[in-house]
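Have a look at the structure below before the remarks.
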Amino acid sequence: MMLNVFDDRKGTIAHTISGAISYFIPVIFIIFIFYEIIEHIYLAGKEKEANFLGDIVEYLFGLGLITLFMRICGW
Ligand SMILES: [Ca+2]
Ligand SMILES: [Ca+2]
């Protein structure tokens, strides 16, 4: 399976921040997945599966970072 992660700066920041915010507002997860699937289907030519999966990894990276941060800080 091919993954294209941290490929563009703007998108990476947006996906990572979305993941981080999901820690506080979990419903963002559903919106994010829904948005990514729509983007993947309608930009099928442009957005390859490697990018689609990579965006989800970027999102999970943000979620993981904030989770670790909160745990380390004891919040
Ligand atoms: Ca995407
Ligand atoms: Ca990406």
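Residues are named by chain letter and number: chains run A, B, ... in the order of the structure tokens, numbers start at 1 in each chain, and ligands are numbered from 1 in the order shown.
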
When you look at Val57 in chain A with a cut-off of 10 Å (counting only C-alpha atoms), what residues show up, excluding the ones that are within fewer than 3 positions of it in the same chain? I need them as an NGL selection string.
:A and (3-6 or 12 or 15-16 or 19 or 51-54 or 60-63)

Resulting file, chosen residues, C-alpha atoms, as a compact mmCIF listing (two decimals), in the first residue's frame:
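Generated output (result.txt):
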# COMPACT_ATOMS: atom_id res chain seq x y z
CA LEU A 3 1.07 6.41 1.24
CA ASN A 4 1.73 10.02 0.33
CA VAL A 5 2.10 11.82 3.65
CA PHE A 6 3.03 15.45 4.44
CA THR A 12 -0.84 18.91 5.98
CA HIS A 15 -5.39 17.91 8.34
CA THR A 16 -3.09 17.80 11.37
CA GLY A 19 -6.99 15.89 14.07
CA ASN A 51 -3.02 11.08 -1.05
CA PHE A 52 -6.41 10.15 0.35
CA LEU A 53 -4.84 7.66 2.77
CA GLY A 54 -1.98 10.06 3.49
CA LEU A 60 -4.29 10.78 12.93
CA PHE A 61 -0.84 12.28 13.48
CA GLY A 62 -2.48 15.49 14.79
CA LEU A 63 -4.85 13.49 16.96

Neighbours of ligand 1 at 9 Å or closer, counting only C-alpha atoms and all ligand atoms: which residues, as an mmCIF file with C-alpha atoms, in the first residue's frame?
data_model
loop_
_atom_site.group_PDB
_atom_site.id
_atom_site.type_symbol
_atom_site.label_atom_id
_atom_site.label_comp_id
_atom_site.auth_asym_id
_atom_site.auth_seq_id
_atom_site.Cartn_x
_atom_site.Cartn_y
_atom_site.Cartn_z
ATOM 1 C CA GLY A 11 -3.105 20.563 3.440
ATOM 2 C CA HIS A 15 -5.386 17.906 8.342
ATOM 3 C CA TYR A 35 -15.107 15.534 3.381
ATOM 4 C CA GLU A 36 -12.098 13.394 2.430
ATOM 5 C CA ILE A 37 -14.285 10.721 0.837
ATOM 6 C CA ILE A 38 -16.166 13.364 -1.186
ATOM 7 C CA GLU A 39 -12.869 14.937 -2.220
ATOM 8 C CA HIS A 40 -11.470 11.550 -3.168
ATOM 9 C CA LEU A 43 -11.270 14.693 -7.526
ATOM 10 C CA GLU A 47 -6.406 13.018 -5.698
ATOM 11 C CA LYS A 48 -4.920 9.575 -5.766
ATOM 12 C CA ASN A 51 -3.023 11.082 -1.050
ATOM 13 C CA PHE A 52 -6.410 10.148 0.351
ATOM 14 C CA LEU A 53 -4.840 7.665 2.768
ATOM 15 C CA GLY A 54 -1.977 10.062 3.490
ATOM 16 C CA ASP A 55 -4.444 12.794 4.506
ATOM 17 C CA ILE A 56 -5.993 10.406 7.010
#

Close residues, Met70 in chain A itself excluded, 12 Å, only C-alpha atoms, min 4 positions apart in chain, as a list in words:
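Near neighbours after the sequence-gap exclusion: Ala20, Tyr23, Phe24, Leu63, Gly64, Leu65, Ile66, Gly74 and Trp75 of chain A.
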
Using only C-alpha atoms, find the one residue out of A:Tyr59, A:Ala44, A:Met2, A:Ala50 that sits nearest to Ile21 in chain A.
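Ranking A:Tyr59, A:Ala44, A:Met2, A:Ala50 by distance to Ile21 in chain A, first place goes to A:Tyr59.
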
List every residue of chain A that DSSP, applied to the backbone of this structure, places in helix (DSSP H, G or I), and write the result as a ChimeraX atom specification.
/A:9-22,27-42,49-73

Go ahead and save the picked residues with C-alpha atoms, as a short mmCIF file (atom, residue, chain, number, x, y, z; two decimals), in the first residue's frame.
data_model
loop_
_atom_site.label_atom_id
_atom_site.label_comp_id
_atom_site.auth_asym_id
_atom_site.auth_seq_id
_atom_site.Cartn_x
_atom_site.Cartn_y
_atom_site.Cartn_z
CA ARG A 9 2.24 22.25 3.46
CA LYS A 10 -1.21 23.86 3.55
CA GLY A 11 -3.11 20.56 3.44
CA THR A 12 -0.84 18.91 5.98
CA ILE A 13 -1.36 21.75 8.48
CA ALA A 14 -5.14 21.69 7.92
CA HIS A 15 -5.39 17.91 8.34
CA THR A 16 -3.09 17.80 11.37
CA ILE A 17 -4.96 20.66 13.08
CA SER A 18 -8.30 18.98 12.30
CA GLY A 19 -6.99 15.89 14.07
CA ALA A 20 -5.85 17.91 17.06
CA ILE A 21 -9.19 19.75 17.35
CA SER A 22 -11.01 16.40 17.18
CA VAL A 27 -17.70 15.10 15.69
CA ILE A 28 -15.01 16.70 13.52
CA PHE A 29 -13.82 13.17 12.81
CA ILE A 30 -17.06 12.39 10.98
CA ILE A 31 -16.96 15.68 9.06
CA PHE A 32 -13.32 15.11 8.12
CA ILE A 33 -13.82 11.55 6.86
CA PHE A 34 -16.95 12.61 4.97
CA TYR A 35 -15.11 15.53 3.38
CA GLU A 36 -12.10 13.39 2.43
CA ILE A 37 -14.29 10.72 0.84
CA ILE A 38 -16.17 13.36 -1.19
CA GLU A 39 -12.87 14.94 -2.22
CA HIS A 40 -11.47 11.55 -3.17
CA ILE A 41 -14.50 10.64 -5.28
CA TYR A 42 -14.95 13.99 -7.04
CA GLU A 49 -5.57 6.91 -3.18
CA ALA A 50 -2.07 7.46 -1.77
CA ASN A 51 -3.02 11.08 -1.05
CA PHE A 52 -6.41 10.15 0.35
CA LEU A 53 -4.84 7.66 2.77
CA GLY A 54 -1.98 10.06 3.49
CA ASP A 55 -4.44 12.79 4.51
CA ILE A 56 -5.99 10.41 7.01
CA VAL A 57 -2.54 9.62 8.41
CA GLU A 58 -1.87 13.37 8.74
CA TYR A 59 -5.15 13.69 10.61
CA LEU A 60 -4.29 10.78 12.93
CA PHE A 61 -0.84 12.28 13.48
CA GLY A 62 -2.48 15.49 14.79
CA LEU A 63 -4.85 13.49 16.96
CA GLY A 64 -1.95 11.42 18.32
CA LEU A 65 0.16 14.50 19.05
CA ILE A 66 -2.54 16.29 21.03
CA THR A 67 -3.41 13.09 22.91
CA LEU A 68 0.22 12.58 23.96
CA PHE A 69 0.56 16.26 24.81
CA MET A 70 -2.53 16.19 27.04
CA ARG A 71 -1.40 12.98 28.71
CA ILE A 72 2.12 14.29 29.35
CA CYS A 73 0.68 17.50 30.82
#
